[in-house]
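Visitor: The structure that follows is given in the form of structure tokens.
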Amino acid sequence: MKLWRYEHLCDERIYEKFIDDKRNITTILGSVFIHENPYSTLKPDNISPNYDNLKFVYEWNNNYLCIMKIRLFTTILLLFPAITYFLPGIALGQDINYLDSLDSTIKNRSLYINAQYAYIHDVKQQLEILDISAGQQYQVYQNLFYAFKTFNCDSAFYYAEKKLKIAETLQKQDWIDESKLHLSSVFYIIGMYKEAFDLLNTLDKSRLTDYLKVQYYNNYKEIYAYYSATNNVYVRQYKRVSNLYRDTLLSVLSPETNHYRIVYAEKLTEEGKLSEAEKILNNALSRIQYKKQEFAVLNYALACVYREKGDIESAKMYFAVSADTDIRNAIKENAAMQALAILMYEAGDLNRAYEYIKCSLEDAIFCNARLRTIEISQIFPIIDTAYQEKIIEQKNQMKRNFLLTCVLSFFLIIAVGYVYRQMKKLAITRKELHTINLKISNLNNQLLAANDRLKKTNHRLFETNLLKEEYIGHFLDLCSAYIDKLESYRKMLFKKASASQWEALHSTLKSKDFIDAELKALYDHFDNIFLHLYPNFIEEFNQLLMEEERFVLKQGELLNPELRIFALIRLGINDSYKIAAFLHYSASTIYNYRTKVRNKAAVPRDDFENLVMKIGAFPYEKP
């Protein structure tokens, strides 16, 4: 049943590009697990959840030899039932590497599903190209059809209809025939056999190209094969018709293609010519690129041959490789996993059988593959029942182990009581030593705290002294400069008075230009001194504010009024009246400025000014 996927392999160019693009996307993603695919429109709710491994941690910590001996003995007694129970499972768990590889691939299958979604998204992006022609749209829809055909039949049906409408609009007969063949191939997968037959009957096979004839006969072969698997009354009749179409398909296929080899090997297997079929498939498998989609089908076909020969181990290996390749290529319509689950069930490995059949059922439901769902639903209850019986047996064994553990725990309690009596006297001594150690520790903590406070005090004194030295020097320079300016101002007034320039003198005394100029010079002088002492003040102050509320100074501006207020606060001048007197503002204006800036803080408002006081603080060595 799996062979239907190769009807489109005749178009090697499209298929090779499809597979290579998928492989590239998987490589780019690496080991990144994407839990939700933002590009998906299919809402893949059937992805298997991750199951956490149960870990048992058993830790013993004791300092005395007698206790270690007793606990070692009791530990051996306690672990003996668990060892007895799990030892067969450990021996059974030594599976061949190919099964371990498949198990790992199943756990990581969300990676390959998301790689498929990423590829599909990239293909869909081509539809957003401006001025894309109808012919180009057809090719994009065809690529999407191939991407979805073995992944989600509903979406494959959607894009097959899309390209059929374009083909009918363009009146390209080859494209119309091809689209109808693609639609029919989706119909029989989802169980719409009548619709598939009706659609194929509208085709005139005499006008079909060789490539389309391959798809035409392949579709008929698969429809009758699928229908025979779901119809128990006329199974032989429909199977015989399917075989006739298979012979016709072989007549139009090139013997040099793997499609021909696969179909011919299927025919030889049914005729009992297993060695010849095995030889053909092995020859084809040796020349195929590893992990390609065609690689999975060849492995599946070869596994079927080995299963017919009775070589179950080889059959399991090839089924596992095929299933592993299907998962890596995000192929949901597959039969290898289902077949492998049955073999694992027959081999007694119920854990793997249950996981494989569950994974196969999830894939079939996700893909909406009706035949696969029916087949799996027939075998799933059998495997599930056996698996549940095993779980019940394990629970019963755990109950028996629990009872044995209770008995051993009773003896352990007696041993612990004996040890407790021996340790009681020692515990008293240890308690006294502990009390003394606590007192010593408290004294050490007090000394460390006192030392820390002393270092903080020294740090504050150091910073204060440094500020005093800086400001005394600047204050002396400022006083000297102001004396010179006052002397110049006095001489200028004296000259005007001596020259009886009373109106000029009155105008000069009435004007505030001198005061404003001196205030501006004072503020510039203050800004330069302050930023010299705290060069990173503006950057650190902005870090305390919300990003959209941070101050951006104008060209040539050192500090604005708000920054100047908090610069004074950083220098220890916290009184609004003193700040107002220095800046020649009213106290209410200063209060409003402070409140407005606190409201912009990215930190708690109550801590804002305390954090401002710590800006540019000189570091001190902590204990």
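Simple scheme: letters A, B, ... for chains in structure tokens order, numbers from 1 for residues in each chain, numbers from 1 for ligands in the order shown.
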For Tyr387 of chain A, find every residue with an atom within 12 Å (counting only C-alpha atoms), except residues of its own chain fewer than 3 positions away, and show them as a list of chain:residue names.
Guide: A:Met344, A:Tyr345, A:Gly348, A:Asp349, A:Leu350, A:Asn351, A:Arg352, A:Ala353, A:Tyr354, A:Glu355, A:Ile357, A:Lys358, A:Phe380, A:Pro381, A:Ile382, A:Ile383, A:Asp384, A:Lys390, A:Ile391, A:Ile392, A:Glu393, A:Gln394
Visitor: Quick one: everything within 12 Å of Ile374 of chain A, counting only C-alpha atoms, minus sequence neighbours fewer than 4 positions away in the same chain. Send it as a ChimeraX atom specification.
Guide: /A:189-191,226,229-231,338,360-361,364-365,368-370,378-381
Visitor: May I have the selected residues written with N, CA, C and O atoms, as a CSV table (one decimal), in the first residue's frame?
Guide:
```
chain,number,residue,atom,x,y,z
A,189,ILE,N,-6.9,7.9,-0.8
A,189,ILE,CA,-6.2,7.8,0.5
A,189,ILE,C,-7.2,8.1,1.7
A,189,ILE,O,-7.2,7.5,2.7
A,190,ILE,N,-8.1,9.1,1.4
A,190,ILE,CA,-9.0,9.5,2.5
A,190,ILE,C,-10.3,8.7,2.4
A,190,ILE,O,-11.3,8.9,3.1
A,191,GLY,N,-10.4,7.6,1.5
A,191,GLY,CA,-11.5,6.7,1.5
A,191,GLY,C,-12.6,7.1,0.6
A,191,GLY,O,-13.7,6.4,0.6
A,226,TYR,N,-6.4,-0.5,-2.3
A,226,TYR,CA,-7.0,0.1,-1.1
A,226,TYR,C,-8.4,-0.4,-0.9
A,226,TYR,O,-8.8,-0.7,0.2
A,229,ALA,N,-8.6,-3.8,0.5
A,229,ALA,CA,-8.2,-3.9,1.9
A,229,ALA,C,-9.4,-3.6,2.8
A,229,ALA,O,-9.4,-3.9,4.0
A,230,THR,N,-10.4,-2.8,2.3
A,230,THR,CA,-11.5,-2.4,3.1
A,230,THR,C,-12.8,-3.2,2.8
A,230,THR,O,-13.8,-2.9,3.4
A,231,ASN,N,-12.8,-4.1,1.8
A,231,ASN,CA,-14.0,-4.8,1.4
A,231,ASN,C,-13.7,-6.3,1.5
A,231,ASN,O,-12.9,-6.8,0.7
A,338,GLN,N,3.5,0.8,11.5
A,338,GLN,CA,2.4,-0.2,11.8
A,338,GLN,C,2.9,-1.6,11.8
A,338,GLN,O,2.6,-2.4,12.7
A,360,SER,N,1.9,5.4,15.1
A,360,SER,CA,1.3,5.2,13.8
A,360,SER,C,-0.1,5.7,13.7
A,360,SER,O,-0.6,6.3,12.7
A,361,LEU,N,-0.9,5.5,14.8
A,361,LEU,CA,-2.3,5.9,14.8
A,361,LEU,C,-2.4,7.5,14.8
A,361,LEU,O,-3.2,8.1,14.0
A,364,ALA,N,-1.7,8.6,11.2
A,364,ALA,CA,-2.8,8.3,10.3
A,364,ALA,C,-3.9,9.3,10.5
A,364,ALA,O,-4.5,9.8,9.5
A,365,ILE,N,-4.2,9.6,11.8
A,365,ILE,CA,-5.3,10.6,12.0
A,365,ILE,C,-4.9,12.0,11.6
A,365,ILE,O,-5.7,12.7,11.0
A,368,ASN,N,-5.2,12.1,7.9
A,368,ASN,CA,-6.5,11.7,7.5
A,368,ASN,C,-6.4,10.6,6.5
A,368,ASN,O,-7.2,10.6,5.4
A,369,ALA,N,-5.5,9.6,6.7
A,369,ALA,CA,-5.4,8.4,5.9
A,369,ALA,C,-6.4,7.4,6.4
A,369,ALA,O,-6.1,6.7,7.4
A,370,ARG,N,-7.5,7.2,5.7
A,370,ARG,CA,-8.6,6.4,6.2
A,370,ARG,C,-8.2,4.9,6.3
A,370,ARG,O,-8.5,4.2,7.3
A,378,GLN,N,-7.8,-1.9,14.1
A,378,GLN,CA,-8.0,-3.3,14.2
A,378,GLN,C,-7.0,-3.9,15.1
A,378,GLN,O,-7.3,-4.8,15.9
A,379,ILE,N,-5.7,-3.5,15.0
A,379,ILE,CA,-4.6,-4.1,15.8
A,379,ILE,C,-4.4,-3.3,17.1
A,379,ILE,O,-3.9,-3.9,18.1
A,380,PHE,N,-4.7,-2.1,17.1
A,380,PHE,CA,-4.4,-1.2,18.3
A,380,PHE,C,-5.1,-1.8,19.6
A,380,PHE,O,-4.4,-1.9,20.7
A,381,PRO,N,-6.4,-2.2,19.6
A,381,PRO,CA,-6.9,-2.8,20.8
A,381,PRO,C,-6.2,-4.0,21.3
A,381,PRO,O,-6.1,-4.2,22.6
```
Visitor: Using only C-alpha atoms, which residues sit within 12 Å of Arg287 of chain A once same-chain residues fewer than 4 positions away are excluded, as a list in words?
Guide: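 Within the cut-off, the hits are Glu256, Thr257, Asn258, Ile280, Leu281, Asn282, Asn283, Lys292, Glu294, Phe295 and Leu298 of chain A.
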Visitor: Could the residues in this selection be saved with all heavy atoms as a tab-separated table (two decimals), in the first residue's frame?
Guide:
```tsv
chain	number	residue	atom	x	y	z
A	256	GLU	N	14.63	0.95	-15.95
A	256	GLU	CA	15.80	1.53	-15.32
A	256	GLU	C	15.43	2.37	-14.08
A	256	GLU	O	16.31	2.84	-13.37
A	256	GLU	CB	16.56	2.42	-16.32
A	256	GLU	CG	17.03	1.69	-17.56
A	256	GLU	CD	17.96	0.53	-17.21
A	256	GLU	OE1	18.79	0.69	-16.29
A	256	GLU	OE2	17.84	-0.53	-17.85
A	257	THR	N	14.16	2.57	-13.84
A	257	THR	CA	13.74	3.41	-12.71
A	257	THR	C	13.49	2.56	-11.48
A	257	THR	O	13.14	1.37	-11.57
A	257	THR	CB	12.46	4.19	-13.05
A	257	THR	OG1	11.39	3.26	-13.28
A	257	THR	CG2	12.67	5.07	-14.28
A	258	ASN	N	13.65	3.16	-10.33
A	258	ASN	CA	13.36	2.47	-9.07
A	258	ASN	C	11.87	2.22	-8.91
A	258	ASN	O	11.46	1.27	-8.23
A	258	ASN	CB	13.88	3.29	-7.89
A	258	ASN	CG	15.38	3.15	-7.71
A	258	ASN	OD1	15.95	2.11	-8.03
A	258	ASN	ND2	16.02	4.19	-7.22
A	280	ILE	N	16.62	-7.78	-6.44
A	280	ILE	CA	16.29	-6.54	-7.15
A	280	ILE	C	16.28	-5.36	-6.18
A	280	ILE	O	16.84	-4.29	-6.46
A	280	ILE	CB	14.93	-6.68	-7.86
A	280	ILE	CG1	15.04	-7.67	-9.01
A	280	ILE	CG2	14.43	-5.33	-8.36
A	280	ILE	CD1	13.71	-8.00	-9.65
A	281	LEU	N	15.66	-5.54	-5.03
A	281	LEU	CA	15.55	-4.44	-4.07
A	281	LEU	C	16.89	-4.09	-3.46
A	281	LEU	O	17.20	-2.90	-3.24
A	281	LEU	CB	14.54	-4.82	-2.97
A	281	LEU	CG	13.09	-4.91	-3.43
A	281	LEU	CD1	12.21	-5.45	-2.31
A	281	LEU	CD2	12.56	-3.54	-3.87
A	282	ASN	N	17.71	-5.10	-3.14
A	282	ASN	CA	19.04	-4.81	-2.59
A	282	ASN	C	19.90	-4.06	-3.59
A	282	ASN	O	20.67	-3.16	-3.23
A	282	ASN	CB	19.73	-6.11	-2.16
A	282	ASN	CG	19.34	-6.53	-0.76
A	282	ASN	OD1	19.24	-5.69	0.13
A	282	ASN	ND2	19.13	-7.82	-0.56
A	283	ASN	N	19.78	-4.43	-4.85
A	283	ASN	CA	20.53	-3.75	-5.90
A	283	ASN	C	20.10	-2.28	-6.01
A	283	ASN	O	20.92	-1.38	-6.15
A	283	ASN	CB	20.33	-4.48	-7.22
A	283	ASN	CG	21.18	-3.88	-8.34
A	283	ASN	OD1	22.31	-3.43	-8.09
A	283	ASN	ND2	20.65	-3.85	-9.54
A	292	LYS	N	16.62	9.39	1.72
A	292	LYS	CA	15.64	10.01	0.83
A	292	LYS	C	14.32	9.27	0.98
A	292	LYS	O	14.25	8.17	1.52
A	292	LYS	CB	16.13	9.98	-0.60
A	292	LYS	CG	17.30	10.91	-0.87
A	292	LYS	CD	17.76	10.84	-2.31
A	292	LYS	CE	16.69	11.30	-3.27
A	292	LYS	NZ	17.16	11.37	-4.65
A	294	GLU	N	12.54	7.84	-1.25
A	294	GLU	CA	12.58	6.59	-2.00
A	294	GLU	C	13.33	5.52	-1.21
A	294	GLU	O	13.03	4.33	-1.30
A	294	GLU	CB	13.25	6.83	-3.35
A	294	GLU	CG	13.00	5.72	-4.35
A	294	GLU	CD	13.52	6.10	-5.73
A	294	GLU	OE1	14.36	7.01	-5.80
A	294	GLU	OE2	13.09	5.50	-6.71
A	295	PHE	N	14.29	5.95	-0.39
A	295	PHE	CA	15.04	5.04	0.46
A	295	PHE	C	14.09	4.33	1.44
A	295	PHE	O	14.24	3.14	1.72
A	295	PHE	CB	16.10	5.84	1.22
A	295	PHE	CG	16.94	5.04	2.16
A	295	PHE	CD1	18.01	4.30	1.73
A	295	PHE	CD2	16.65	5.05	3.53
A	295	PHE	CE1	18.79	3.57	2.61
A	295	PHE	CE2	17.42	4.33	4.42
A	295	PHE	CZ	18.49	3.59	3.96
A	298	LEU	N	11.99	1.59	-0.43
A	298	LEU	CA	12.81	0.41	-0.73
A	298	LEU	C	13.03	-0.45	0.52
A	298	LEU	O	12.95	-1.67	0.47
A	298	LEU	CB	14.15	0.84	-1.33
A	298	LEU	CG	14.10	1.34	-2.78
A	298	LEU	CD1	15.42	1.98	-3.17
A	298	LEU	CD2	13.76	0.20	-3.73
```
Visitor: Measuring between only C-alpha atoms, which one of A:Leu371, A:Ala118, A:Ala499, A:Leu170 shows the shortest distance to Tyr188 of chain A?
Guide: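 For Tyr188 of chain A, the nearest of the given residues is A:Leu371.
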Visitor: Can you pull out the residues contacting Leu208 of chain A? Cut-off 10 Å, using only C-alpha atoms, and skip same-chain residues under 6 positions away; I want them as a list in words.
Guide: Gln173, Asp174, Asp177, Glu178, Val214, Gln215 and Tyr216 of chain A
Visitor: Which of these, A:Ile129, A:Ile565, A:Leu454, A:Leu199, has the shortest distance to Tyr585 of chain A once you count only C-alpha atoms?
Guide: A:Ile565
Visitor: Do you know which residues are at most 12 Å from Tyr260 of chain A counting only C-alpha atoms, after dropping those on the same chain fewer than 3 positions away, and could you put them as a list in words?
Guide: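 Final neighbour list, sorted by chain and number: Leu3, Tyr6, Glu7, Leu9, Cys10, Val214, Asn218, Arg246, Asp247, Thr248, Leu249, Leu250, Ser251, Val252, Leu253, Ser254, Pro255, Glu256, Thr257, Val263, Tyr264, Ala265, Glu266, Lys267, Ile280, Leu281, Ala284 and Leu298 of chain A.
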Visitor: Set the distance at 12 Å and use only C-alpha atoms: which residues neighbour Lys163 of chain A once local chain neighbours fewer than 4 positions away are removed? I'd like the list as a PDB file with N, CA and C atoms, in the first residue's frame.
Guide:
```pdb
ATOM      1  N   ALA A 134      -0.178  33.087 -13.716  1.00  0.00           N
ATOM      2  CA  ALA A 134      -1.014  31.936 -13.390  1.00  0.00           C
ATOM      3  C   ALA A 134      -0.216  30.642 -13.515  1.00  0.00           C
ATOM      4  N   GLY A 135       0.660  30.574 -14.527  1.00  0.00           N
ATOM      5  CA  GLY A 135       1.498  29.379 -14.678  1.00  0.00           C
ATOM      6  C   GLY A 135       2.430  29.185 -13.494  1.00  0.00           C
ATOM      7  N   GLN A 136       2.978  30.288 -12.999  1.00  0.00           N
ATOM      8  CA  GLN A 136       3.851  30.189 -11.828  1.00  0.00           C
ATOM      9  C   GLN A 136       3.048  29.790 -10.594  1.00  0.00           C
ATOM     10  N   GLN A 137       1.841  30.318 -10.473  1.00  0.00           N
ATOM     11  CA  GLN A 137       0.986  29.913  -9.358  1.00  0.00           C
ATOM     12  C   GLN A 137       0.719  28.408  -9.421  1.00  0.00           C
ATOM     13  N   TYR A 138       0.504  27.904 -10.614  1.00  0.00           N
ATOM     14  CA  TYR A 138       0.263  26.469 -10.770  1.00  0.00           C
ATOM     15  C   TYR A 138       1.442  25.654 -10.241  1.00  0.00           C
ATOM     16  N   GLN A 139       2.663  26.089 -10.587  1.00  0.00           N
ATOM     17  CA  GLN A 139       3.840  25.367 -10.119  1.00  0.00           C
ATOM     18  C   GLN A 139       3.974  25.417  -8.598  1.00  0.00           C
ATOM     19  N   VAL A 140       3.652  26.586  -8.011  1.00  0.00           N
ATOM     20  CA  VAL A 140       3.721  26.702  -6.546  1.00  0.00           C
ATOM     21  C   VAL A 140       2.689  25.783  -5.901  1.00  0.00           C
ATOM     22  N   TYR A 141       1.458  25.771  -6.442  1.00  0.00           N
ATOM     23  CA  TYR A 141       0.427  24.891  -5.886  1.00  0.00           C
ATOM     24  C   TYR A 141       0.819  23.428  -6.048  1.00  0.00           C
ATOM     25  N   GLN A 142       1.505  23.117  -7.130  1.00  0.00           N
ATOM     26  CA  GLN A 142       1.946  21.738  -7.332  1.00  0.00           C
ATOM     27  C   GLN A 142       2.997  21.354  -6.288  1.00  0.00           C
ATOM     28  N   ASN A 143       3.927  22.281  -6.007  1.00  0.00           N
ATOM     29  CA  ASN A 143       4.922  22.010  -4.963  1.00  0.00           C
ATOM     30  C   ASN A 143       4.254  21.841  -3.598  1.00  0.00           C
ATOM     31  N   LEU A 144       3.228  22.646  -3.324  1.00  0.00           N
ATOM     32  CA  LEU A 144       2.510  22.518  -2.054  1.00  0.00           C
ATOM     33  C   LEU A 144       1.744  21.191  -2.005  1.00  0.00           C
ATOM     34  N   PHE A 145       1.225  20.772  -3.131  1.00  0.00           N
ATOM     35  CA  PHE A 145       0.534  19.481  -3.173  1.00  0.00           C
ATOM     36  C   PHE A 145       1.490  18.351  -2.819  1.00  0.00           C
ATOM     37  N   ALA A 156      -3.504  18.696   0.914  1.00  0.00           N
ATOM     38  CA  ALA A 156      -3.131  18.247  -0.428  1.00  0.00           C
ATOM     39  C   ALA A 156      -4.344  18.338  -1.375  1.00  0.00           C
ATOM     40  N   PHE A 157      -5.503  17.945  -0.866  1.00  0.00           N
ATOM     41  CA  PHE A 157      -6.737  18.052  -1.667  1.00  0.00           C
ATOM     42  C   PHE A 157      -7.022  19.512  -2.022  1.00  0.00           C
ATOM     43  N   TYR A 158      -6.835  20.397  -1.066  1.00  0.00           N
ATOM     44  CA  TYR A 158      -7.087  21.827  -1.280  1.00  0.00           C
ATOM     45  C   TYR A 158      -6.212  22.382  -2.410  1.00  0.00           C
ATOM     46  N   TYR A 159      -4.912  22.069  -2.386  1.00  0.00           N
ATOM     47  CA  TYR A 159      -4.009  22.622  -3.394  1.00  0.00           C
ATOM     48  C   TYR A 159      -4.151  21.911  -4.738  1.00  0.00           C
ATOM     49  N   ALA A 167      -5.471  25.318 -14.156  1.00  0.00           N
ATOM     50  CA  ALA A 167      -5.283  24.587 -15.410  1.00  0.00           C
ATOM     51  C   ALA A 167      -6.501  24.730 -16.320  1.00  0.00           C
ATOM     52  N   GLU A 168      -7.705  24.670 -15.714  1.00  0.00           N
ATOM     53  CA  GLU A 168      -8.914  24.833 -16.509  1.00  0.00           C
ATOM     54  C   GLU A 168      -9.051  26.260 -17.043  1.00  0.00           C
ATOM     55  N   THR A 169      -8.600  27.233 -16.252  1.00  0.00           N
ATOM     56  CA  THR A 169      -8.642  28.622 -16.714  1.00  0.00           C
ATOM     57  C   THR A 169      -7.704  28.826 -17.897  1.00  0.00           C
ATOM     58  N   LEU A 170      -6.492  28.248 -17.801  1.00  0.00           N
ATOM     59  CA  LEU A 170      -5.507  28.378 -18.874  1.00  0.00           C
ATOM     60  C   LEU A 170      -5.784  27.429 -20.035  1.00  0.00           C
ATOM     61  N   GLN A 171      -6.719  26.465 -19.818  1.00  0.00           N
ATOM     62  CA  GLN A 171      -7.082  25.479 -20.836  1.00  0.00           C
ATOM     63  C   GLN A 171      -5.860  24.685 -21.310  1.00  0.00           C
ATOM     64  N   LYS A 172      -5.035  24.305 -20.338  1.00  0.00           N
ATOM     65  CA  LYS A 172      -3.890  23.434 -20.622  1.00  0.00           C
ATOM     66  C   LYS A 172      -4.295  22.010 -20.272  1.00  0.00           C
ATOM     67  N   ASP A 174      -2.776  19.064 -20.466  1.00  0.00           N
ATOM     68  CA  ASP A 174      -1.853  18.245 -19.673  1.00  0.00           C
ATOM     69  C   ASP A 174      -1.954  18.592 -18.195  1.00  0.00           C
ATOM     70  N   TRP A 175      -2.051  19.878 -17.913  1.00  0.00           N
ATOM     71  CA  TRP A 175      -2.162  20.299 -16.505  1.00  0.00           C
ATOM     72  C   TRP A 175      -3.508  19.867 -15.915  1.00  0.00           C
ATOM     73  N   ILE A 176      -4.567  19.932 -16.721  1.00  0.00           N
ATOM     74  CA  ILE A 176      -5.879  19.487 -16.232  1.00  0.00           C
ATOM     75  C   ILE A 176      -5.841  18.001 -15.894  1.00  0.00           C
ATOM     76  N   ASP A 177      -5.273  17.202 -16.813  1.00  0.00           N
ATOM     77  CA  ASP A 177      -5.182  15.752 -16.569  1.00  0.00           C
ATOM     78  C   ASP A 177      -4.316  15.463 -15.346  1.00  0.00           C
ATOM     79  N   GLU A 178      -3.196  16.167 -15.243  1.00  0.00           N
ATOM     80  CA  GLU A 178      -2.302  15.941 -14.106  1.00  0.00           C
ATOM     81  C   GLU A 178      -3.000  16.286 -12.783  1.00  0.00           C
ATOM     82  N   SER A 179      -3.705  17.403 -12.745  1.00  0.00           N
ATOM     83  CA  SER A 179      -4.402  17.823 -11.527  1.00  0.00           C
ATOM     84  C   SER A 179      -5.495  16.830 -11.150  1.00  0.00           C
ATOM     85  N   LYS A 180      -6.216  16.302 -12.132  1.00  0.00           N
ATOM     86  CA  LYS A 180      -7.240  15.309 -11.841  1.00  0.00           C
ATOM     87  C   LYS A 180      -6.626  14.025 -11.293  1.00  0.00           C
ATOM     88  N   LEU A 181      -5.480  13.643 -11.829  1.00  0.00           N
ATOM     89  CA  LEU A 181      -4.791  12.455 -11.308  1.00  0.00           C
ATOM     90  C   LEU A 181      -4.347  12.679  -9.862  1.00  0.00           C
ATOM     91  N   HIS A 182      -3.883  13.892  -9.585  1.00  0.00           N
ATOM     92  CA  HIS A 182      -3.475  14.191  -8.208  1.00  0.00           C
ATOM     93  C   HIS A 182      -4.676  14.181  -7.269  1.00  0.00           C
ATOM     94  N   LEU A 183      -5.797  14.755  -7.721  1.00  0.00           N
ATOM     95  CA  LEU A 183      -7.001  14.751  -6.889  1.00  0.00           C
ATOM     96  C   LEU A 183      -7.461  13.320  -6.612  1.00  0.00           C
TER      97      LEU A 183
END
```
